[in-house]
Structures are given as structure tokens and as C-alpha cells.
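First up is the structure itself, then whatever we jot down about it.
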Amino acid sequence: MSAKAQATTAFRDWEHFPHDADLGVRGFGATPARAFEQTAYALMGAITDATRIKPCETVEIRCEAPTLDVLLVDWLNALVYEMAERRMVFGAFQVEIESGRLRGLARGERISRERHAPAVEVKGATFTELAVREDQPGRWRAQCVIDV
Amino acid sequence: MDISRLEKISDVEWRIAPSGEMRAPGVIYATESLIAEMDDKVLEQVVNVAKLPGIVRASYAMPDAHWGYGFPIGGVAAFDPKAGGVVSAGGVGFDVSCGVRTHLTGLARGQILAVQEELADALYEYVPTGLGAEGEICLDDIDMTAMLTGGAAWALERGFGRKEDLERIEECGRAVDADPSAVSEFARKRQRREMGTLGSGNHYLEVQEVSEIFDPAAAAGFGLELGECVVTIHCGSRGLGHQIGTEYLREMAVSAEGLGITLPDRELACAPINSELGQRYLGAMRAAINCALANREIIGHLARQVFARFFAHAELPLMYDVSHNTCKVERHEVDGEARDLYIHRKGATRALGPGHANLPEALRAFGQPVLIGGSMGTGSYVLAGTNASEARAFSSACHGAGRRMSRHAATRRWGGRQLVDELRARGIIVKSPSMRGVAEEAPGAYKDVRAVVDSAENSGLARKVAFLKPLICVKG
């Protein structure tokens, strides 16, 4: 994982967008990888205040998909799985994407009901409002609706 | 939703004529004002479902319909395998077999109020609630396979629940033809420590008072007495169902083209019923149904244990347990011919009419109990299936109030702490790990549940039996 990747995850460039029953998550970045990182922050933002999460433990995630948008769904679903299986929440992310393959790092800690006060449990990332596209040169967006 | 795009059949029934690639009409059961509150996406989704191969009669939306993913939430559609029909992971959803069960307590409101605070605390502490909560049970692979095959009957064998519960659960507590081998290792791992957990979001455990009775005979038949209290539990198949939904939705979306299916929306991911993928999904989905049935049986058992500490003689018999995210094979009459159809109900409840052979004898005369969860501030309804419901929407009805405002908008409008205080002042104790979660589930974020059930009754989907007012709400 490059130093450059680590340096670009510190600021917030994500948002939520409304969906009747669920919630949309959207991240922006100079590359798809940066946008994927920001979408992961948006996913965590649906659950808790990610700035309260201590980066005690690192989990490596690898996925592969035929298209970038399916890769986004896979990345978010991999995070949902790791959170559920490890009983963790994540507060820092790094992503590299090469030829349809993603390697990501998620840093976080074991969930605490008292400290993290999780608002929802994300069931999965969906194909609804799914988009990974370059809105303007050097400005990528990555978004989808998550089922909560 | 722009109502001018719909043809009015009656005050509570609206039709979308087939056009373009639609293979059947769309039908929405709701009043004009409920339809006005629905997002235009609901109409788009009803139309898209009508484009799927093998759809029979119509693509239906219940009165509580709202924008889902693929299918609308509150969507019902039947598919015939003999006509190239499909099974859709998007038509069932991520929380496979999410549902509601109601236990009778036989306790008067005053008895609950005497211990309301302590009972709320005990339920909140004893029933694992919210993200990351773990149950007492940890399943190894052999147990997991037994659970995925046995459903509520498995829970019973493990010492949770009572034998008489089973006939009060759809399919007697066990989906047959479940295929645990179609459930991935990921799904199994995700579920290992989640048996007997409530989850979060709109899931809850409530103690409710029967505060209004509309159909005295059916209410008496169901065991509902005015002024007495019940315990209602809303939850589903937990991590296992979510993982199965995630995996099969992706596989179906990616494989559709190869299977000769053009998807109007990738979220409508589906596979022919008579295909390897379709059959594998059905096997996995039925295993997830068993997981949900076992999970609710265990939580019902935990509620019984808590009540036993306060009321030595409260046995909490199960009134009924219904699921509202399923695909089931049912025999229905279509144009005078009995056909075995795959009925998808996504946020919709089965509602069998009186006399149906699949109902337990004690309930048969009244029709199937249909449990409608409202918001924590308004209350819930018990309805009963009608004989007209089969012709209306393959014996289906609504499942809840349905959201009228996104979670996002709700958190901007209300504060969780303020809501908890307001509800307490109205005699409702809310327990939740997250005040933001409470705000997202604010009563005002939901449609008027009375308008929804009135629409269901007036359109013949189900009839009102009783209204339940919350006294304690444990939110996930």
C-alpha cells in the first residue's frame, strides 16, 4: 500500500443521500480508489461517528469483479461481512485498484455499544443507485444504496 | 407519485395498463392520499416487476408500499415455472423471512404498568440487541446445518420454545426443501453467534396493550382481550439471511444475461425457477427462512424467561408468527385453474382467508392473523385474512406502516433523546443502544398506520381485528 494512498484518507469527501427506507452512501475522489475509500467512510457514518473509532486492528480485504461498479458493491459488502464476523467497526480505509482487483485495508476496533452507540446494522450494499463514474476530469464518484 | 399515470378502479385500487415490455398490469391498493405520499420510484418498480418472465396476473403494491431495491417494499408478484417464471433474490430482499410474532400474556395493563420500568430494563438487558450483540448460543457446523434444516423445530429440540408454538408459525415452523449446502461458509460464519439476537434498524420487541377491538369474534378466537397485554417481536434471519441475499443478488445480477434474461434494473436480479441457480437460491433462501423462524422462537423463549421473573404464571402462548420477506410455493386459482406459483412477498404478509387448510384448527374459522407493525409512537394492528384476498393479491396484505420520510430526513428533524422523553411522557418506555437510531425510527417518519390498514381492509386484502398500543419498546 503506497504512502500516497495513506495520505489521502484523512479528509471528509463523502455524503449520504436519501432513500425511502434505507440510505444512500456516496464518496468522491481523484481516482476510483480514493472514491471507494470515501464511500467506506460514508458506510461507517451510517452506523456511528467514525472519528470515535480507534484504529487498533487492521483487516485486509481483497475482491475482484467484472466492472468497477460491481467492485464497489463487493468492497462495501466485504466491509459489512468483516464488521459482522469480527464484531468490529472501522474508522480508516486504504484502497488500491488494479485491473478489476481491489486490495483494501480497514482499520478499527471491537464494537462497543456504549462508546459507538451504533444507529443501524447494515445488512448489505445494493445495486440501487449504483454508480462509479468520473463526473469531471479527476473527480470520481462512487455510490449506492445500503440496506439498513 | 403522479396519480394521473394510474387508472382508478376504486377508491383503493389503481391499475397501470401493460405497455412496452410489461407482461402484466400493475395494481396498487391504496387511497389517493397514500399514493400521493409514495415516491415515483414505487411506480417504476411496480412496472419493472411486471416485465419479469413468467409473471402471473399482475405486479401488486400493498398500501404501505415504498421505494425498495428492485421490488418495491410492499410488493407482491407470482411466477409460474411452467411459463418460464423466475425467482428473484431482489424480490425477497436481504433480510430473508423478516417477520413478526405476537405472544399473549393474559396480563392486564395495570399489572404491566406496576413493573413497567423494571420489565423494560430486564428485556433490554436479556435480549441481545443492536449491532455487534451476541447471543448465548454458538453454533458449530453440525448444529448450523441442523438449524438450517429444522427451523423453529430445531430451536425446540435445543430447549427453546414449546411444542404448541409450532402450529402457530407459518409452515409449522419449518420450511421444507431447505438446502444447507447452498449456504456459503461466509453466511454460516456470520450467523455463528447471532442466534437469538434482535438486530437493529426497524427491528423491535414491544409490550403492547390491546386497546381497541374491531372484530370481537376473531379477537376472541386469537386470544386477544381488551385491556390485556401482548409481546410482539419483529426481526429476521440476521447475518445469515443478509449474506445469502448479498451473494445471490450479485450472482443473479451478473448471470442474468447468460441465462437469457434482460433485467430492467439490476436489483431485479433473478434466475429461472427451473435453473440450477434458481433452485440453489431457493434452497438457500428456505434455509434462511428456517434461520429466521428459529431466531424468533429463541427470542420468544427469552421473553418468556424475563416475564417469568415478574409474573410466575405468565406462559406467553404464541398467538401467531408471520414472515414478510419470502418466496413461497403456493397453490392458487388463476382463471379457474389451480396452479402452483412462486409467490414473492417483499415487505408483504401472507393473509390466508377463513377455512384455509394451512391454518391451525383454532384459527381456521377466522382467517390467518396478519401482524402489522406500526411505529413505536402510534401502535400496531392485528388483521385477519379474508376470502377475497386470494383474488386481490394471492392472499397477501401489507406488513407495516411504511416509511414516508427517509432516515436522513428523520435525523435532521428529530432528536432521539427528545423522542424518548416525549414517548415516556405518553406512557411508552423506549430502550435503545442508539439515540440516532431512535430518531431514524421516529413515529413521524412513518405513514399513518391507520390509513394503511383501512386501505387494506377497504380493498379486501385483510380485515381489522385489534389495535395494539405500545407500553415498552426495545429497539435494536
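We label chains A, B, ... in the order they appear in the C-alpha cells, count residues from 1 in each chain, and number ligands from 1 in the order shown.
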Output the contact residues of chain B with respect to chain A at a cut-off of 8 Å, based on only C-alpha atoms, as an NGL selection string. :B and (39 or 66-70 or 94-95 or 130-132 or 186 or 189-190 or 199-201 or 239 or 242-243 or 246 or 266-267 or 403-409 or 433-438 or 476)
Selection: 8 Å around Cys98 (chain B), only C-alpha atoms, excl. self and same-chain fewer than 6 positions, as number ranges by chain: B: 234-237, 292, 323-325
Gap from CA of Cys56 (chain A) to CA of Phe90 (chain A) - Å, one decimal: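 Between these atoms lies a distance of 9.4 Å.
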Fewer than 3 positions away in the same chain doesn't count, so skip those; otherwise give me all residues within 10 Å of Glu98 (chain A), counting only C-alpha atoms, as an mmCIF file with C-alpha atoms, in the first residue's frame.
data_model
loop_
_atom_site.group_PDB
_atom_site.id
_atom_site.type_symbol
_atom_site.label_atom_id
_atom_site.label_comp_id
_atom_site.auth_asym_id
_atom_site.auth_seq_id
_atom_site.Cartn_x
_atom_site.Cartn_y
_atom_site.Cartn_z
ATOM 1 C CA ALA A 33 -9.740 4.009 -5.313
ATOM 2 C CA GLU A 64 -12.450 -8.900 -7.782
ATOM 3 C CA ARG A 101 -8.861 -6.284 -8.471
ATOM 4 C CA LEU A 102 -9.173 -4.419 -5.199
ATOM 5 C CA ARG A 103 -6.894 -4.637 -2.217
#
Write out as a PyMOL selection string the residues lying within 6 Å of Ile273 (chain B), counting only C-alpha atoms and excluding same-chain residues fewer than 5 positions away. chain B and resi 81+86-87+278
Could you turn the residues from that selection into a file that holds C-alpha atoms, as an mmCIF file, in the first residue's frame?
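Now in part.cif:
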data_model
loop_
_atom_site.group_PDB
_atom_site.id
_atom_site.type_symbol
_atom_site.label_atom_id
_atom_site.label_comp_id
_atom_site.auth_asym_id
_atom_site.auth_seq_id
_atom_site.Cartn_x
_atom_site.Cartn_y
_atom_site.Cartn_z
ATOM 1 C CA PRO B 81 -42.244 -22.141 -13.531
ATOM 2 C CA VAL B 86 -38.285 -16.621 -12.294
ATOM 3 C CA VAL B 87 -37.247 -16.470 -8.679
ATOM 4 C CA GLY B 278 -32.777 -20.673 -9.286
#
Could you work out how far CA of Gly84 (chain B) lies from CA of Pro53 (chain B), giving the answer in Å with one decimal?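 Answer for the CA of Pro53 (chain B) to CA of Gly84 (chain B) separation: 6.1 Å.
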Excluding region 22-31 of chain B and any residue of its chain fewer than 5 positions from it, enumerate the residues within 9 Å of it, using only C-alpha atoms, and give them as JSON, numbers by chain. {"B": [6, 10, 11, 12, 13, 14, 15, 16, 17, 36, 43, 46, 47, 48, 49, 50, 51, 52, 53, 54, 55, 56, 57, 58, 59, 60, 61, 62, 63, 64, 65, 451, 452, 455, 456, 459, 461]}
List every residue of chain A that DSSP, applied to the backbone, labels as strand (DSSP E or B), and write the result as JSON, numbers by chain. {"A": [14, 15, 16, 17, 18, 23, 24, 25, 26, 27, 28, 29, 57, 58, 59, 60, 61, 62, 63, 64, 88, 89, 90, 91, 92, 93, 94, 95, 96, 97, 98, 101, 102, 103, 104, 105, 106, 107, 108, 109, 110, 124, 125, 131, 132, 133, 134, 135, 136, 139, 140, 141, 142, 143, 144, 145, 146, 147]}
Quote the spacing between CA of Asp179 (chain B) and CA of Glu330 (chain B) in Å to one decimal place.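 Atom-to-atom, CA of Asp179 (chain B) and CA of Glu330 (chain B) are spaced 19.0 Å apart.
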Residues flagged alpha helix (DSSP H) by DSSP in region 11-135 of chain A, as a PyMOL selection string: chain A and resi 32-47+68-86+113-116
For C-alpha atoms, I'd like the residues from the last selection saved as a PDB file, in the first residue's frame.
ATOM      1  CA  PRO A  32     -11.881   5.329  -8.186  1.00  0.00           C
ATOM      2  CA  ALA A  33      -9.740   4.009  -5.313  1.00  0.00           C
ATOM      3  CA  ARG A  34      -9.978   7.307  -3.398  1.00  0.00           C
ATOM      4  CA  ALA A  35     -13.725   7.468  -4.051  1.00  0.00           C
ATOM      5  CA  PHE A  36     -14.089   3.877  -2.774  1.00  0.00           C
ATOM      6  CA  GLU A  37     -12.287   4.863   0.437  1.00  0.00           C
ATOM      7  CA  GLN A  38     -14.631   7.791   0.949  1.00  0.00           C
ATOM      8  CA  THR A  39     -17.686   5.604   0.288  1.00  0.00           C
ATOM      9  CA  ALA A  40     -16.437   3.298   3.037  1.00  0.00           C
ATOM     10  CA  TYR A  41     -16.370   6.308   5.399  1.00  0.00           C
ATOM     11  CA  ALA A  42     -19.940   7.096   4.320  1.00  0.00           C
ATOM     12  CA  LEU A  43     -20.912   3.485   5.111  1.00  0.00           C
ATOM     13  CA  MET A  44     -19.387   3.772   8.572  1.00  0.00           C
ATOM     14  CA  GLY A  45     -21.010   7.177   9.011  1.00  0.00           C
ATOM     15  CA  ALA A  46     -24.386   5.460   8.699  1.00  0.00           C
ATOM     16  CA  ILE A  47     -23.521   3.346  11.745  1.00  0.00           C
ATOM     17  CA  LEU A  68     -15.941  -1.087 -11.302  1.00  0.00           C
ATOM     18  CA  ASP A  69     -19.483  -0.630 -10.014  1.00  0.00           C
ATOM     19  CA  VAL A  70     -19.845  -4.304  -9.033  1.00  0.00           C
ATOM     20  CA  LEU A  71     -16.411  -3.965  -7.403  1.00  0.00           C
ATOM     21  CA  LEU A  72     -17.809  -1.122  -5.251  1.00  0.00           C
ATOM     22  CA  VAL A  73     -20.694  -3.355  -4.098  1.00  0.00           C
ATOM     23  CA  ASP A  74     -18.190  -6.137  -3.364  1.00  0.00           C
ATOM     24  CA  TRP A  75     -15.904  -3.791  -1.388  1.00  0.00           C
ATOM     25  CA  LEU A  76     -18.728  -2.457   0.761  1.00  0.00           C
ATOM     26  CA  ASN A  77     -20.196  -5.923   1.284  1.00  0.00           C
ATOM     27  CA  ALA A  78     -16.773  -7.234   2.293  1.00  0.00           C
ATOM     28  CA  LEU A  79     -16.622  -4.490   4.943  1.00  0.00           C
ATOM     29  CA  VAL A  80     -20.149  -5.362   6.119  1.00  0.00           C
ATOM     30  CA  TYR A  81     -19.100  -9.007   6.399  1.00  0.00           C
ATOM     31  CA  GLU A  82     -15.898  -8.254   8.327  1.00  0.00           C
ATOM     32  CA  MET A  83     -17.785  -5.970  10.715  1.00  0.00           C
ATOM     33  CA  ALA A  84     -20.368  -8.672  11.400  1.00  0.00           C
ATOM     34  CA  GLU A  85     -17.962 -11.587  11.655  1.00  0.00           C
ATOM     35  CA  ARG A  86     -15.307  -9.788  13.729  1.00  0.00           C
ATOM     36  CA  ARG A 113     -22.463  -0.473  22.438  1.00  0.00           C
ATOM     37  CA  GLU A 114     -21.721   2.280  24.932  1.00  0.00           C
ATOM     38  CA  ARG A 115     -18.912   4.090  23.120  1.00  0.00           C
ATOM     39  CA  HIS A 116     -20.016   3.681  19.478  1.00  0.00           C
TER      40      HIS A 116
END
Val334 (chain B) surroundings by only C-alpha atoms, 10 Å radius, close-in-sequence under 2 positions cut, as a PyMOL selection string: chain B and resi 56-57+331-332+336-341+390-391+394
Keeping only N, CA and C atoms, write the selected residues to a file as a tab-separated table (two decimals), in the first residue's frame.
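To be explicit, this is the file written out as part06.tsv:
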chain	number	residue	atom	x	y	z
B	56	VAL	N	-47.53	-13.80	-13.24
B	56	VAL	CA	-48.92	-14.23	-13.37
B	56	VAL	C	-49.84	-13.13	-12.81
B	57	ARG	N	-50.86	-12.82	-13.55
B	57	ARG	CA	-51.94	-11.89	-13.19
B	57	ARG	C	-51.50	-10.43	-13.12
B	331	ARG	N	-50.45	-22.91	-3.95
B	331	ARG	CA	-51.43	-23.24	-5.00
B	331	ARG	C	-52.52	-22.17	-5.01
B	332	HIS	N	-52.69	-21.54	-6.15
B	332	HIS	CA	-53.73	-20.51	-6.29
B	332	HIS	C	-54.52	-20.76	-7.56
B	336	GLY	N	-59.73	-20.02	-13.17
B	336	GLY	CA	-60.41	-21.30	-12.97
B	336	GLY	C	-59.48	-22.50	-12.89
B	337	GLU	N	-58.18	-22.25	-12.97
B	337	GLU	CA	-57.23	-23.37	-12.94
B	337	GLU	C	-56.33	-23.26	-11.71
B	338	ALA	N	-56.16	-24.37	-10.99
B	338	ALA	CA	-55.27	-24.36	-9.82
B	338	ALA	C	-53.83	-24.49	-10.31
B	339	ARG	N	-53.00	-23.52	-9.90
B	339	ARG	CA	-51.60	-23.53	-10.36
B	339	ARG	C	-50.65	-23.37	-9.16
B	340	ASP	N	-49.53	-24.08	-9.23
B	340	ASP	CA	-48.51	-23.92	-8.19
B	340	ASP	C	-47.59	-22.76	-8.58
B	341	LEU	N	-47.67	-21.70	-7.80
B	341	LEU	CA	-46.96	-20.47	-8.16
B	341	LEU	C	-45.93	-20.11	-7.09
B	390	GLU	N	-57.44	-13.73	-1.82
B	390	GLU	CA	-56.79	-14.57	-2.85
B	390	GLU	C	-56.92	-13.94	-4.23
B	391	ALA	N	-58.12	-13.47	-4.55
B	391	ALA	CA	-58.33	-12.87	-5.86
B	391	ALA	C	-57.66	-11.49	-5.96
B	394	PHE	N	-53.20	-12.76	-4.39
B	394	PHE	CA	-52.71	-14.08	-3.97
B	394	PHE	C	-52.62	-14.18	-2.45
Do you know which residues are at most 7 Å from region 471-474 of chain B counting only C-alpha atoms, after dropping those on the same chain fewer than 4 positions away, and could you put them as number ranges by chain? B: 120, 124, 204-209, 376, 427-432
Only N, CA and C atoms, please: the residues just picked out, written as a PDB file, in the first residue's frame.
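As a result, again_2.pdb now contains:
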ATOM      1  N   ALA B 120     -38.925  -3.268  31.339  1.00  0.00           N
ATOM      2  CA  ALA B 120     -38.246  -2.713  30.155  1.00  0.00           C
ATOM      3  C   ALA B 120     -36.739  -2.921  30.280  1.00  0.00           C
ATOM      4  N   TYR B 124     -34.431  -5.356  27.856  1.00  0.00           N
ATOM      5  CA  TYR B 124     -33.333  -4.730  27.115  1.00  0.00           C
ATOM      6  C   TYR B 124     -31.998  -5.404  27.447  1.00  0.00           C
ATOM      7  N   TYR B 204     -37.662  -4.722  16.559  1.00  0.00           N
ATOM      8  CA  TYR B 204     -38.022  -4.342  17.926  1.00  0.00           C
ATOM      9  C   TYR B 204     -38.642  -5.508  18.686  1.00  0.00           C
ATOM     10  N   LEU B 205     -38.708  -5.330  19.988  1.00  0.00           N
ATOM     11  CA  LEU B 205     -39.527  -6.173  20.860  1.00  0.00           C
ATOM     12  C   LEU B 205     -40.411  -5.198  21.630  1.00  0.00           C
ATOM     13  N   GLU B 206     -41.709  -5.387  21.563  1.00  0.00           N
ATOM     14  CA  GLU B 206     -42.611  -4.463  22.253  1.00  0.00           C
ATOM     15  C   GLU B 206     -43.560  -5.204  23.185  1.00  0.00           C
ATOM     16  N   VAL B 207     -43.882  -4.557  24.285  1.00  0.00           N
ATOM     17  CA  VAL B 207     -45.001  -4.985  25.117  1.00  0.00           C
ATOM     18  C   VAL B 207     -46.130  -4.013  24.781  1.00  0.00           C
ATOM     19  N   GLN B 208     -47.260  -4.571  24.367  1.00  0.00           N
ATOM     20  CA  GLN B 208     -48.351  -3.732  23.844  1.00  0.00           C
ATOM     21  C   GLN B 208     -49.671  -4.074  24.535  1.00  0.00           C
ATOM     22  N   GLU B 209     -50.509  -3.063  24.630  1.00  0.00           N
ATOM     23  CA  GLU B 209     -51.834  -3.265  25.218  1.00  0.00           C
ATOM     24  C   GLU B 209     -52.871  -3.378  24.092  1.00  0.00           C
ATOM     25  N   MET B 376     -43.222   3.134  16.857  1.00  0.00           N
ATOM     26  CA  MET B 376     -43.242   2.966  18.313  1.00  0.00           C
ATOM     27  C   MET B 376     -44.154   3.974  19.005  1.00  0.00           C
ATOM     28  N   GLY B 427     -46.372   7.554  28.283  1.00  0.00           N
ATOM     29  CA  GLY B 427     -46.505   6.233  28.891  1.00  0.00           C
ATOM     30  C   GLY B 427     -45.802   5.116  28.143  1.00  0.00           C
ATOM     31  N   ILE B 428     -44.920   5.471  27.191  1.00  0.00           N
ATOM     32  CA  ILE B 428     -44.200   4.451  26.408  1.00  0.00           C
ATOM     33  C   ILE B 428     -42.716   4.531  26.757  1.00  0.00           C
ATOM     34  N   ILE B 429     -42.161   3.428  27.263  1.00  0.00           N
ATOM     35  CA  ILE B 429     -40.736   3.408  27.598  1.00  0.00           C
ATOM     36  C   ILE B 429     -39.965   2.815  26.420  1.00  0.00           C
ATOM     37  N   VAL B 430     -39.000   3.589  25.920  1.00  0.00           N
ATOM     38  CA  VAL B 430     -38.187   3.132  24.789  1.00  0.00           C
ATOM     39  C   VAL B 430     -36.777   2.846  25.280  1.00  0.00           C
ATOM     40  N   LYS B 431     -36.243   1.680  24.917  1.00  0.00           N
ATOM     41  CA  LYS B 431     -34.868   1.316  25.249  1.00  0.00           C
ATOM     42  C   LYS B 431     -34.127   1.047  23.950  1.00  0.00           C
ATOM     43  N   SER B 432     -32.990   1.702  23.770  1.00  0.00           N
ATOM     44  CA  SER B 432     -32.234   1.512  22.534  1.00  0.00           C
ATOM     45  C   SER B 432     -30.782   1.849  22.760  1.00  0.00           C
TER      46      SER B 432
END
